[in-house]
>>> print(open('work29.csv').read())   # CSV, C-alpha atoms
chain,number,residue,atom,x,y,z
A,1,MET,CA,-95.8,-36.4,54.6
A,2,MET,CA,-96.6,-39.5,52.5
A,3,ALA,CA,-94.1,-42.4,52.5
A,4,PRO,CA,-93.1,-43.2,48.9
A,5,VAL,CA,-95.3,-45.6,46.9
A,6,SER,CA,-92.7,-47.9,45.6
A,7,GLY,CA,-91.5,-51.5,45.2
A,8,ARG,CA,-88.0,-52.7,45.5
A,9,ASP,CA,-87.1,-50.9,42.2
A,10,GLY,CA,-88.4,-47.6,43.5
A,11,GLY,CA,-91.1,-47.3,40.8
A,12,SER,CA,-94.8,-46.4,41.4
A,13,VAL,CA,-96.7,-49.7,41.4
A,14,CYS,CA,-99.7,-51.4,42.9
A,15,GLY,CA,-100.2,-55.0,44.0
A,16,CYS,CA,-103.9,-55.3,43.1
A,17,LYS,CA,-105.1,-58.6,41.6
A,18,GLY,CA,-108.5,-59.7,40.3
A,19,ILE,CA,-111.3,-57.4,41.7
A,20,ARG,CA,-109.0,-55.5,44.0
A,21,ARG,CA,-108.7,-51.7,43.4
A,22,CYS,CA,-106.6,-48.7,44.4
A,23,LEU,CA,-106.3,-45.2,43.0
A,24,ILE,CA,-103.3,-46.2,41.0
A,25,CYS,CA,-105.2,-48.9,39.0
A,26,GLU,CA,-108.8,-47.8,39.3
A,27,THR,CA,-108.8,-45.6,36.2
A,28,CYS,CA,-108.2,-48.6,33.9
A,29,LYS,CA,-110.1,-51.3,35.9
A,30,GLY,CA,-113.1,-49.2,37.0
A,31,LYS,CA,-114.8,-49.1,40.4
A,32,THR,CA,-116.4,-52.0,42.3
A,33,SER,CA,-120.1,-51.9,43.0
A,34,GLU,CA,-121.6,-51.2,46.4
A,35,PRO,CA,-124.5,-53.2,48.0
A,36,GLU,CA,-127.9,-51.6,47.5
A,37,VAL,CA,-129.2,-51.9,51.1
A,38,VAL,CA,-126.9,-51.5,54.1
A,39,HIS,CA,-128.0,-51.1,57.7
A,40,HIS,CA,-125.4,-49.1,59.7
A,41,PHE,CA,-124.5,-49.8,63.4
A,42,LEU,CA,-121.8,-48.5,65.7
A,43,TYR,CA,-120.1,-50.7,68.2
A,44,ASP,CA,-120.2,-49.5,71.8
A,45,PRO,CA,-117.2,-50.9,73.7
A,46,GLU,CA,-118.7,-50.1,77.1
A,47,THR,CA,-122.0,-52.0,76.5
A,48,LYS,CA,-120.6,-54.4,73.8
A,49,LEU,CA,-123.7,-53.6,71.8
A,50,ALA,CA,-124.1,-52.7,68.1
A,51,VAL,CA,-126.1,-49.4,68.2
A,52,CYS,CA,-128.1,-48.4,65.1
A,53,LYS,CA,-126.8,-45.1,63.7
A,54,ASP,CA,-130.2,-43.7,62.7
A,55,GLY,CA,-132.1,-45.2,65.6
A,56,GLU,CA,-134.5,-47.1,63.3
A,57,ALA,CA,-133.5,-50.5,64.5
A,58,GLU,CA,-132.9,-52.0,67.9
A,59,SER,CA,-129.4,-52.4,69.3
A,60,PHE,CA,-128.1,-56.0,69.5
A,61,PRO,CA,-125.2,-57.8,71.4
A,62,PHE,CA,-122.0,-57.9,69.4
A,63,PRO,CA,-119.6,-60.3,71.1
A,64,GLY,CA,-116.1,-61.1,70.0
A,65,VAL,CA,-114.4,-57.7,70.0
A,66,PHE,CA,-111.9,-56.6,72.6
A,67,LEU,CA,-110.6,-53.0,72.5
A,68,TRP,CA,-107.5,-51.9,74.5
A,69,GLU,CA,-107.0,-48.1,74.2
A,70,ASN,CA,-103.5,-46.7,74.5
A,71,PHE,CA,-102.0,-50.2,74.3
A,72,ILE,CA,-98.7,-48.5,73.2
A,73,SER,CA,-97.3,-45.1,74.2
A,74,GLU,CA,-96.4,-42.3,71.8
A,75,GLU,CA,-92.7,-43.1,72.3
A,76,GLU,CA,-93.2,-46.8,71.5
A,77,GLU,CA,-95.3,-45.8,68.4
A,78,THR,CA,-92.4,-43.6,67.2
A,79,GLU,CA,-89.9,-46.3,67.7
A,80,LEU,CA,-92.0,-49.0,66.0
A,81,ILE,CA,-92.7,-46.8,62.9
A,82,GLY,CA,-89.1,-45.8,62.7
A,83,SER,CA,-88.0,-49.4,62.7
A,84,MET,CA,-90.5,-50.4,60.1
A,85,ASP,CA,-89.6,-47.6,57.8
A,86,GLN,CA,-86.0,-48.8,57.8
A,87,ASP,CA,-87.1,-52.0,56.0
A,88,VAL,CA,-88.6,-52.2,52.5
A,89,TRP,CA,-92.4,-51.8,52.2
A,90,ASN,CA,-93.6,-54.1,49.4
A,91,PRO,CA,-96.7,-53.2,47.2
A,92,SER,CA,-99.8,-55.1,48.3
A,93,GLN,CA,-103.4,-55.1,47.2
A,94,SER,CA,-106.0,-52.3,47.4
A,95,GLY,CA,-103.4,-49.5,47.8
A,96,ARG,CA,-101.6,-51.0,50.8
A,97,ARG,CA,-98.0,-51.7,51.4
A,98,LYS,CA,-96.8,-54.6,53.6
A,99,GLN,CA,-94.1,-56.3,55.5
A,100,ASP,CA,-94.4,-60.0,56.4
A,101,PHE,CA,-92.9,-61.9,59.2
A,102,GLY,CA,-94.1,-65.5,59.0
A,103,PRO,CA,-94.0,-68.9,57.1
A,104,LYS,CA,-94.7,-69.3,53.4
A,105,VAL,CA,-98.3,-70.5,53.1
A,106,ASN,CA,-100.3,-71.9,50.2
A,107,PHE,CA,-103.9,-71.7,51.7
A,108,LYS,CA,-105.5,-73.3,48.6
A,109,LYS,CA,-103.2,-76.4,48.8
A,110,ARG,CA,-103.0,-76.2,52.6
A,111,LYS,CA,-99.2,-76.3,52.6
A,112,VAL,CA,-96.8,-74.5,55.0
A,113,ARG,CA,-93.1,-74.0,54.6
A,114,VAL,CA,-90.6,-72.4,56.9
A,115,ALA,CA,-88.8,-70.9,53.9
A,116,ASN,CA,-87.0,-67.7,54.9
A,117,PHE,CA,-89.0,-67.1,58.1
A,118,ASN,CA,-86.6,-66.2,60.9
A,119,GLY,CA,-88.8,-64.9,63.6
A,120,LEU,CA,-91.0,-62.0,64.6
A,121,PRO,CA,-89.2,-58.6,64.9
A,122,ALA,CA,-87.4,-57.7,68.0
A,123,LEU,CA,-89.6,-54.8,69.0
A,124,SER,CA,-92.6,-57.1,69.1
A,125,GLN,CA,-91.3,-59.1,72.1
A,126,LYS,CA,-92.4,-56.6,74.8
A,127,LEU,CA,-95.7,-56.1,73.0
A,128,VAL,CA,-96.5,-59.8,73.0
A,129,LEU,CA,-95.6,-60.1,76.7
A,130,ARG,CA,-97.9,-57.2,77.4
A,131,MET,CA,-100.7,-58.8,75.5
A,132,GLN,CA,-100.4,-62.0,77.4
A,133,GLN,CA,-101.1,-60.2,80.7
A,134,GLN,CA,-104.7,-59.4,79.6
A,135,PRO,CA,-107.2,-62.2,80.4
A,136,ASN,CA,-108.7,-62.0,76.9
A,137,LEU,CA,-105.2,-62.7,75.4
A,138,GLU,CA,-103.9,-65.2,77.9
A,139,GLY,CA,-101.7,-67.7,76.3
A,140,PHE,CA,-101.5,-65.8,73.0
A,141,GLN,CA,-98.5,-66.9,71.1
A,142,PRO,CA,-98.3,-65.3,67.6
A,143,VAL,CA,-96.5,-67.2,64.9
A,144,GLU,CA,-97.0,-64.5,62.2
A,145,GLN,CA,-96.9,-60.7,62.0
A,146,CYS,CA,-98.1,-58.6,59.1
A,147,ASN,CA,-97.4,-54.9,59.0
A,148,LEU,CA,-99.6,-52.9,56.6
A,149,ASP,CA,-99.2,-49.3,55.5
A,150,TYR,CA,-102.3,-47.3,54.3
A,151,HIS,CA,-102.4,-43.8,52.7
A,152,PRO,CA,-105.3,-41.8,51.2
A,153,GLU,CA,-103.2,-40.8,48.2
A,154,ARG,CA,-103.1,-44.5,47.2
A,155,GLY,CA,-106.8,-45.1,48.0
A,156,SER,CA,-105.8,-47.7,50.5
A,157,GLY,CA,-108.3,-50.0,52.1
A,158,ILE,CA,-108.9,-53.7,52.7
A,159,ASP,CA,-111.9,-55.5,51.3
A,160,PRO,CA,-114.3,-57.3,53.7
A,161,HIS,CA,-112.9,-60.8,54.3
A,162,LEU,CA,-112.7,-63.7,56.7
A,163,ASP,CA,-109.2,-64.7,57.8
A,164,ASP,CA,-108.2,-68.3,57.2
A,165,SER,CA,-109.0,-70.7,60.1
A,166,TRP,CA,-107.1,-73.8,58.9
A,167,LEU,CA,-103.7,-72.4,60.0
A,168,TRP,CA,-104.6,-69.3,62.0
A,169,GLY,CA,-106.2,-69.7,65.4
A,170,GLU,CA,-109.1,-68.1,67.3
A,171,ARG,CA,-107.7,-64.6,68.0
A,172,LEU,CA,-106.7,-62.0,65.5
A,173,VAL,CA,-104.8,-59.1,67.2
A,174,THR,CA,-104.0,-55.8,65.6
A,175,VAL,CA,-102.2,-52.7,66.9
A,176,ASN,CA,-103.3,-49.5,65.2
A,177,MET,CA,-100.8,-46.7,64.7
A,178,LEU,CA,-100.4,-43.1,63.4
A,179,ALA,CA,-104.2,-42.4,62.9
A,180,ASP,CA,-107.7,-43.2,64.2
A,181,THR,CA,-109.7,-45.4,61.8
A,182,VAL,CA,-112.7,-47.6,61.6
A,183,LEU,CA,-112.9,-51.4,61.4
A,184,THR,CA,-116.1,-52.3,59.5
A,185,MET,CA,-117.7,-55.6,60.4
A,186,SER,CA,-120.1,-56.8,57.7
A,187,LEU,CA,-122.7,-59.6,57.3
A,188,GLU,CA,-123.9,-59.9,53.8
A,189,PRO,CA,-127.0,-62.1,54.5
A,190,GLY,CA,-128.2,-59.6,57.1
A,191,LEU,CA,-130.0,-60.4,60.3
A,192,PRO,CA,-133.5,-61.5,59.2
A,193,GLU,CA,-134.2,-62.7,62.8
A,194,ARG,CA,-134.0,-59.0,63.7
A,195,GLY,CA,-135.9,-57.8,60.7
A,196,LEU,CA,-132.7,-56.6,58.9
A,197,THR,CA,-132.7,-57.8,55.3
A,198,GLY,CA,-129.8,-56.5,53.3
A,199,GLU,CA,-126.2,-56.2,54.4
A,200,VAL,CA,-125.4,-55.2,58.0
A,201,HIS,CA,-122.4,-53.1,58.9
A,202,VAL,CA,-121.0,-52.6,62.4
A,203,ALA,CA,-118.4,-49.8,62.7
A,204,VAL,CA,-115.7,-50.4,65.3
A,205,ARG,CA,-113.8,-47.2,66.0
A,206,LEU,CA,-110.1,-47.8,66.4
A,207,PRO,CA,-108.3,-45.0,68.2
A,208,ARG,CA,-104.6,-44.3,67.4
A,209,ARG,CA,-102.3,-46.6,69.4
A,210,CYS,CA,-105.1,-49.0,70.4
A,211,LEU,CA,-105.1,-52.8,70.2
A,212,VAL,CA,-108.1,-54.6,68.8
A,213,ALA,CA,-108.7,-58.4,69.0
A,214,VAL,CA,-111.5,-60.3,67.2
A,215,TYR,CA,-112.6,-63.8,68.1
A,216,GLY,CA,-115.8,-65.9,68.2
A,217,GLU,CA,-118.6,-64.7,65.9
A,218,ALA,CA,-116.7,-61.5,65.0
A,219,ARG,CA,-113.9,-63.7,63.8
A,220,HIS,CA,-115.7,-66.5,62.0
A,221,ARG,CA,-119.1,-65.1,61.0
A,222,TRP,CA,-118.7,-61.4,60.3
A,223,LYS,CA,-116.3,-60.2,57.6
A,224,HIS,CA,-113.9,-57.4,58.6
A,225,GLY,CA,-112.4,-54.6,56.4
A,226,ILE,CA,-111.2,-51.0,56.3
A,227,HIS,CA,-113.1,-48.7,53.9
A,228,ARG,CA,-111.1,-46.3,51.8
A,229,GLU,CA,-113.0,-43.3,53.2
A,230,ASP,CA,-111.9,-44.2,56.7
A,231,ILE,CA,-108.2,-43.6,55.8
A,232,GLN,CA,-107.7,-39.8,56.2
A,233,GLU,CA,-103.9,-39.9,56.7
A,234,ARG,CA,-101.1,-42.4,56.9
A,235,ARG,CA,-102.1,-45.4,59.0
A,236,VAL,CA,-99.9,-48.4,59.9
A,237,CYS,CA,-101.0,-51.5,61.7
A,238,SER,CA,-99.4,-54.7,62.8
A,239,THR,CA,-101.6,-57.8,62.9
A,240,TYR,CA,-100.6,-60.9,64.9
A,241,ARG,CA,-101.9,-64.4,64.3
A,242,GLU,CA,-101.7,-67.5,66.5
A,243,LEU,CA,-101.9,-71.1,65.4
A,244,SER,CA,-105.0,-73.2,65.0
A,245,ALA,CA,-105.6,-76.4,67.0
A,246,GLU,CA,-104.3,-78.5,64.2
A,247,PHE,CA,-100.8,-77.1,64.7
A,248,LEU,CA,-100.8,-77.1,68.5
A,249,PRO,CA,-99.9,-80.1,70.8
A,250,ALA,CA,-102.2,-83.1,70.1
A,251,GLY,CA,-103.0,-81.6,66.6
A,252,GLN,CA,-102.2,-83.4,63.4
A,253,GLN,CA,-99.4,-81.0,62.6
A,254,ALA,CA,-98.1,-80.3,66.1
A,255,GLN,CA,-94.5,-80.9,65.1
A,256,LEU,CA,-94.6,-78.3,62.4
A,257,GLY,CA,-96.5,-75.9,64.7
A,258,ALA,CA,-93.8,-76.3,67.4
A,259,GLU,CA,-91.1,-75.6,64.9
A,260,LEU,CA,-92.9,-72.4,63.7
A,261,LEU,CA,-93.4,-71.2,67.2
A,262,ASP,CA,-89.8,-71.8,68.2
A,263,ILE,CA,-88.7,-69.6,65.2
A,264,ALA,CA,-91.3,-66.9,65.8
A,265,LEU,CA,-90.6,-66.4,69.4
A,266,THR,CA,-86.8,-65.9,68.9
A,267,PHE,CA,-87.9,-62.3,68.0
A,268,LYS,CA,-84.9,-62.0,65.7
A,269,GLY,CA,-86.9,-61.7,62.5
A,270,THR,CA,-86.5,-59.7,59.3
A,271,PRO,CA,-89.3,-59.3,56.7
A,272,VAL,CA,-89.6,-62.3,54.3
>>> encode(input="work29.csv", output="C-alpha cells")
Amino acid sequence: MMAPVSGRDGGSVCGCKGIRRCLICETCKGKTSEPEVVHHFLYDPETKLAVCKDGEAESFPFPGVFLWENFISEEEETELIGSMDQDVWNPSQSGRRKQDFGPKVNFKKRKVRVANFNGLPALSQKLVLRMQQQPNLEGFQPVEQCNLDYHPERGSGIDPHLDDSWLWGERLVTVNMLADTVLTMSLEPGLPERGLTGEVHVAVRLPRRCLVAVYGEARHRWKHGIHREDIQERRVCSTYRELSAEFLPAGQQAQLGAELLDIALTFKGTPV
C-alpha cells in the first residue's frame, strides 16, 4: 500500500524545481529529453567489472563500488521503516519524499550552520558501528543522514548527479530498503579510449536490505541516479555522508567539523 503523498498540510504536492519532473507535475511541465546514444553495462560485484549487456563492447574495470548484501535483517528493516513512518515525510524533487538529519548547508555560498541539527536518529547507531567493522568503511563517521522515500505512483526517481565534495567526504553510503532497485552510474562524455562515444551507463543492482558505498572514480567522475522505471514498488533508502578533509583535524574548518560530529554522534536526532 502506498504511503500518502503529502506535505505537512496533508495536501498532494510535489517538490520539483527547475528541470526536475515527477508524475504529479509532468503533465504541465512536459518530459525531459533522453540522450540519443547510450552504451549499457552491468556491474559485476564478484569481478568488479562493467560487463556490456549486449556483448558488443569489452568489459572494463569499474572501481569505487562496495556492495554488502543483507546488511540489515528483515526485523531491522521493519523497525527502521516503522520509526521513519512515525515522522513527517516532506515533499522533495522528482517524486521523492525526504527526512533530513544534518546541518543547514548553502552549497553555493559554502556556508554551514548547525541550525536545528540535533544528531543522527537513534536506530542508526548500531548500523554505523556495523559499518565501521568493514575494512572499506573503517573510520566512517557520518555527519548527515538523508532518508528518501520512492514510489512508482509518484514517478519517483533521482536524476544523475555528483554529490558535493566541499563538505561531504570520500565515501557515500546508502542502505536500500523495501525493494530491489538499480543504481545507474553514468558518464556523459563516454569512454573514447575504449571506443565508446556517447553516454555510458553502468547498472549496479541493489538488492533489498543491502548497503552500497561509492568512492574514488565512482564518487567523483561518474554521476549516479535512480531511473523512474527502476522503482516498481515503494523503496526507502538512508544515505550517510562523512566530512571532507577541510572539516577534519588539520583542516581549515576543523573546529566546525568537530562540533558537527559531536552533535551527529549523539544519535538523539529528529528530522530537521
>>> residues_around(input="work29.csv", residues="A:Glu79", least_positions_apart="3", cutoff="12 Å", atoms="only C-alpha atoms", output="VMD selection string")
chain A and resid 72 to 76 82 to 86 122 to 124 177 to 178
>>> atom_distance(input="work29.csv", atom1="atom CA of A:Thr78", atom2="atom CA of A:Val175")
13.4 Å
>>> closest_atom_pairs(input="work29.csv", of="stretch 160-187 of chain A", to="stretch 142-149 of chain A", cutoff="12 Å", atoms="all atoms listed in the file", output="JSON lines")
{"residue": "A:Leu167", "atom": "CA", "partner": "A:Val143", "partner_atom": "CA", "distance": 10.1}
{"residue": "A:Trp168", "atom": "CA", "partner": "A:Val143", "partner_atom": "CA", "distance": 8.9}
{"residue": "A:Gly169", "atom": "CA", "partner": "A:Pro142", "partner_atom": "CA", "distance": 9.3}
{"residue": "A:Glu170", "atom": "CA", "partner": "A:Pro142", "partner_atom": "CA", "distance": 11.2}
{"residue": "A:Arg171", "atom": "CA", "partner": "A:Pro142", "partner_atom": "CA", "distance": 9.4}
{"residue": "A:Leu172", "atom": "CA", "partner": "A:Pro142", "partner_atom": "CA", "distance": 9.3}
{"residue": "A:Val173", "atom": "CA", "partner": "A:Pro142", "partner_atom": "CA", "distance": 9.0}
{"residue": "A:Thr174", "atom": "CA", "partner": "A:Cys146", "partner_atom": "CA", "distance": 9.2}
{"residue": "A:Val175", "atom": "CA", "partner": "A:Asn147", "partner_atom": "CA", "distance": 9.5}
{"residue": "A:Asn176", "atom": "CA", "partner": "A:Leu148", "partner_atom": "CA", "distance": 10.0}
{"residue": "A:Met177", "atom": "CA", "partner": "A:Asp149", "partner_atom": "CA", "distance": 9.7}
{"residue": "A:Leu178", "atom": "CA", "partner": "A:Asp149", "partner_atom": "CA", "distance": 10.1}
{"residue": "A:Ala179", "atom": "CA", "partner": "A:Asp149", "partner_atom": "CA", "distance": 11.3}
>>> residues_near_point(input="work29.csv", point="(-97.3, -52.9, 73.4)", cutoff="10 Å", atoms="all atoms listed in the file", output="PDB file with C-alpha atoms, in the coordinates of the input")
ATOM      1  CA  ASN A  70    -103.500 -46.700  74.500  1.00  0.00           C
ATOM      2  CA  PHE A  71    -102.000 -50.200  74.300  1.00  0.00           C
ATOM      3  CA  ILE A  72     -98.700 -48.500  73.200  1.00  0.00           C
ATOM      4  CA  SER A  73     -97.300 -45.100  74.200  1.00  0.00           C
ATOM      5  CA  GLU A  76     -93.200 -46.800  71.500  1.00  0.00           C
ATOM      6  CA  GLU A  77     -95.300 -45.800  68.400  1.00  0.00           C
ATOM      7  CA  LEU A  80     -92.000 -49.000  66.000  1.00  0.00           C
ATOM      8  CA  LEU A 123     -89.600 -54.800  69.000  1.00  0.00           C
ATOM      9  CA  SER A 124     -92.600 -57.100  69.100  1.00  0.00           C
ATOM     10  CA  GLN A 125     -91.300 -59.100  72.100  1.00  0.00           C
ATOM     11  CA  LYS A 126     -92.400 -56.600  74.800  1.00  0.00           C
ATOM     12  CA  LEU A 127     -95.700 -56.100  73.000  1.00  0.00           C
ATOM     13  CA  VAL A 128     -96.500 -59.800  73.000  1.00  0.00           C
ATOM     14  CA  LEU A 129     -95.600 -60.100  76.700  1.00  0.00           C
ATOM     15  CA  ARG A 130     -97.900 -57.200  77.400  1.00  0.00           C
ATOM     16  CA  MET A 131    -100.700 -58.800  75.500  1.00  0.00           C
ATOM     17  CA  VAL A 175    -102.200 -52.700  66.900  1.00  0.00           C
ATOM     18  CA  ARG A 209    -102.300 -46.600  69.400  1.00  0.00           C
ATOM     19  CA  CYS A 210    -105.100 -49.000  70.400  1.00  0.00           C
ATOM     20  CA  LEU A 211    -105.100 -52.800  70.200  1.00  0.00           C
TER      21      LEU A 211
END
>>> closest_residue(input="work29.csv", among="A:Lys268, A:Arg228, A:Lys48, A:Arg205", to="A:Gly95", atoms="only C-alpha atoms")
A:Arg228
>>> closest_residue(input="work29.csv", among="A:Phe140, A:Phe60, A:Phe267, A:Phe41", to="A:Tyr240", atoms="only C-alpha atoms")
A:Phe140
>>> residues_around(input="work29.csv", residues="stretch 215-222 of chain A", least_positions_apart="2", cutoff="10 Å", atoms="all atoms listed in the file", output="list in words")
Phe62, Pro63, Gly64, Val65, Phe66, Asn136, Pro160, His161, Leu162, Asp163, Asp164, Ser165, Gly169, Glu170, Arg171, Leu172, Val173, Thr184, Met185, Ser186, Leu187, Glu188, Val200, His201, Val202, Ala213 and His224 of chain A
>>> residues_around(input="work29.csv", residues="A:Pro271", least_positions_apart="2", cutoff="7 Å", atoms="all atoms listed in the file", output="ChimeraX atom specification")
/A:99-101,269
>>> residues_around(input="work29.csv", residues="stretch 104-115 of chain A", least_positions_apart="3", cutoff="9 Å", atoms="only C-alpha atoms", output="MDAnalysis selection string")
chainID A and resid 118 164 166:167 256 259:260 263 272
>>> atom_distance(input="work29.csv", atom1="atom CA of A:Thr266", atom2="atom CA of A:Arg96")
27.7 Å
>>> atom_distance(input="work29.csv", atom1="atom CA of A:Ser94", atom2="atom CA of A:Leu67")
25.5 Å
>>> closest_residue(input="work29.csv", among="A:Thr270, A:Thr197, A:Gln255, A:Ser156", to="A:Arg235", atoms="all atoms listed in the file")
A:Ser156
>>> residues_around(input="work29.csv", residues="A:His151", least_positions_apart="4", cutoff="12 Å", atoms="only C-alpha atoms", output="compact mmCIF listing (two decimals) with C-alpha atoms, in the coordinates of the input")
# COMPACT_ATOMS: atom_id res chain seq x y z
CA MET A 1 -95.80 -36.40 54.60
CA MET A 2 -96.60 -39.50 52.50
CA ALA A 3 -94.10 -42.40 52.50
CA PRO A 4 -93.10 -43.20 48.90
CA VAL A 5 -95.30 -45.60 46.90
CA CYS A 22 -106.60 -48.70 44.40
CA LEU A 23 -106.30 -45.20 43.00
CA ILE A 24 -103.30 -46.20 41.00
CA SER A 94 -106.00 -52.30 47.40
CA GLY A 95 -103.40 -49.50 47.80
CA ARG A 96 -101.60 -51.00 50.80
CA ARG A 97 -98.00 -51.70 51.40
CA GLY A 155 -106.80 -45.10 48.00
CA SER A 156 -105.80 -47.70 50.50
CA GLY A 157 -108.30 -50.00 52.10
CA ILE A 158 -108.90 -53.70 52.70
CA LEU A 178 -100.40 -43.10 63.40
CA ALA A 179 -104.20 -42.40 62.90
CA THR A 181 -109.70 -45.40 61.80
CA ILE A 226 -111.20 -51.00 56.30
CA HIS A 227 -113.10 -48.70 53.90
CA ARG A 228 -111.10 -46.30 51.80
CA GLU A 229 -113.00 -43.30 53.20
CA ASP A 230 -111.90 -44.20 56.70
CA ILE A 231 -108.20 -43.60 55.80
CA GLN A 232 -107.70 -39.80 56.20
CA GLU A 233 -103.90 -39.90 56.70
CA ARG A 234 -101.10 -42.40 56.90
CA ARG A 235 -102.10 -45.40 59.00
CA VAL A 236 -99.90 -48.40 59.90
CA CYS A 237 -101.00 -51.50 61.70
>>> build_atoms(input="work29.csv", residues="stretch 145-161 of chain A", atoms="N, CA, C and O atoms", output="PDB file, in the frame of the given file")
ATOM      1  N   GLN A 145     -96.645 -62.127  61.899  1.00  0.00           N
ATOM      2  CA  GLN A 145     -96.900 -60.700  62.000  1.00  0.00           C
ATOM      3  C   GLN A 145     -96.923 -60.087  60.643  1.00  0.00           C
ATOM      4  O   GLN A 145     -95.992 -60.289  59.858  1.00  0.00           O
ATOM      5  N   CYS A 146     -97.969 -59.321  60.344  1.00  0.00           N
ATOM      6  CA  CYS A 146     -98.100 -58.600  59.100  1.00  0.00           C
ATOM      7  C   CYS A 146     -98.219 -57.132  59.344  1.00  0.00           C
ATOM      8  O   CYS A 146     -99.174 -56.724  60.009  1.00  0.00           O
ATOM      9  N   ASN A 147     -97.253 -56.330  58.868  1.00  0.00           N
ATOM     10  CA  ASN A 147     -97.400 -54.900  59.000  1.00  0.00           C
ATOM     11  C   ASN A 147     -97.972 -54.347  57.679  1.00  0.00           C
ATOM     12  O   ASN A 147     -97.538 -54.718  56.584  1.00  0.00           O
ATOM     13  N   LEU A 148     -98.990 -53.482  57.804  1.00  0.00           N
ATOM     14  CA  LEU A 148     -99.600 -52.900  56.600  1.00  0.00           C
ATOM     15  C   LEU A 148     -99.598 -51.380  56.734  1.00  0.00           C
ATOM     16  O   LEU A 148     -99.817 -50.805  57.800  1.00  0.00           O
ATOM     17  N   ASP A 149     -99.321 -50.741  55.600  1.00  0.00           N
ATOM     18  CA  ASP A 149     -99.200 -49.300  55.500  1.00  0.00           C
ATOM     19  C   ASP A 149    -100.322 -48.785  54.570  1.00  0.00           C
ATOM     20  O   ASP A 149    -100.416 -49.218  53.415  1.00  0.00           O
ATOM     21  N   TYR A 150    -101.166 -47.882  55.082  1.00  0.00           N
ATOM     22  CA  TYR A 150    -102.300 -47.300  54.300  1.00  0.00           C
ATOM     23  C   TYR A 150    -102.045 -45.820  54.111  1.00  0.00           C
ATOM     24  O   TYR A 150    -101.506 -45.150  54.995  1.00  0.00           O
ATOM     25  N   HIS A 151    -102.484 -45.290  52.956  1.00  0.00           N
ATOM     26  CA  HIS A 151    -102.400 -43.800  52.700  1.00  0.00           C
ATOM     27  C   HIS A 151    -103.534 -43.418  51.809  1.00  0.00           C
ATOM     28  O   HIS A 151    -103.804 -44.098  50.810  1.00  0.00           O
ATOM     29  N   PRO A 152    -104.196 -42.277  52.087  1.00  0.00           N
ATOM     30  CA  PRO A 152    -105.300 -41.800  51.200  1.00  0.00           C
ATOM     31  C   PRO A 152    -104.913 -41.549  49.802  1.00  0.00           C
ATOM     32  O   PRO A 152    -105.720 -41.711  48.881  1.00  0.00           O
ATOM     33  N   GLU A 153    -103.677 -41.129  49.573  1.00  0.00           N
ATOM     34  CA  GLU A 153    -103.200 -40.800  48.200  1.00  0.00           C
ATOM     35  C   GLU A 153    -103.180 -42.059  47.318  1.00  0.00           C
ATOM     36  O   GLU A 153    -103.207 -41.964  46.093  1.00  0.00           O
ATOM     37  N   ARG A 154    -103.079 -43.226  47.941  1.00  0.00           N
ATOM     38  CA  ARG A 154    -103.100 -44.500  47.200  1.00  0.00           C
ATOM     39  C   ARG A 154    -104.502 -45.088  47.142  1.00  0.00           C
ATOM     40  O   ARG A 154    -104.707 -46.117  46.511  1.00  0.00           O
ATOM     41  N   GLY A 155    -105.447 -44.488  47.868  1.00  0.00           N
ATOM     42  CA  GLY A 155    -106.800 -45.100  48.000  1.00  0.00           C
ATOM     43  C   GLY A 155    -106.749 -46.390  48.738  1.00  0.00           C
ATOM     44  O   GLY A 155    -107.465 -47.344  48.430  1.00  0.00           O
ATOM     45  N   SER A 156    -105.944 -46.426  49.794  1.00  0.00           N
ATOM     46  CA  SER A 156    -105.800 -47.700  50.500  1.00  0.00           C
ATOM     47  C   SER A 156    -107.001 -48.098  51.291  1.00  0.00           C
ATOM     48  O   SER A 156    -107.740 -47.270  51.832  1.00  0.00           O
ATOM     49  N   GLY A 157    -107.201 -49.379  51.348  1.00  0.00           N
ATOM     50  CA  GLY A 157    -108.300 -50.000  52.100  1.00  0.00           C
ATOM     51  C   GLY A 157    -108.041 -51.478  52.154  1.00  0.00           C
ATOM     52  O   GLY A 157    -107.030 -51.972  51.648  1.00  0.00           O
ATOM     53  N   ILE A 158    -108.962 -52.205  52.758  1.00  0.00           N
ATOM     54  CA  ILE A 158    -108.900 -53.700  52.700  1.00  0.00           C
ATOM     55  C   ILE A 158    -110.326 -54.181  52.603  1.00  0.00           C
ATOM     56  O   ILE A 158    -111.197 -53.797  53.400  1.00  0.00           O
ATOM     57  N   ASP A 159    -110.590 -54.988  51.584  1.00  0.00           N
ATOM     58  CA  ASP A 159    -111.900 -55.500  51.300  1.00  0.00           C
ATOM     59  C   ASP A 159    -112.434 -56.361  52.447  1.00  0.00           C
ATOM     60  O   ASP A 159    -111.634 -57.033  53.118  1.00  0.00           O
ATOM     61  N   PRO A 160    -113.769 -56.419  52.661  1.00  0.00           N
ATOM     62  CA  PRO A 160    -114.300 -57.300  53.700  1.00  0.00           C
ATOM     63  C   PRO A 160    -113.880 -58.758  53.432  1.00  0.00           C
ATOM     64  O   PRO A 160    -113.953 -59.252  52.298  1.00  0.00           O
ATOM     65  N   HIS A 161    -113.427 -59.414  54.461  1.00  0.00           N
ATOM     66  CA  HIS A 161    -112.900 -60.800  54.300  1.00  0.00           C
ATOM     67  C   HIS A 161    -112.970 -61.514  55.633  1.00  0.00           C
ATOM     68  O   HIS A 161    -113.060 -60.907  56.703  1.00  0.00           O
TER      69      HIS A 161
END
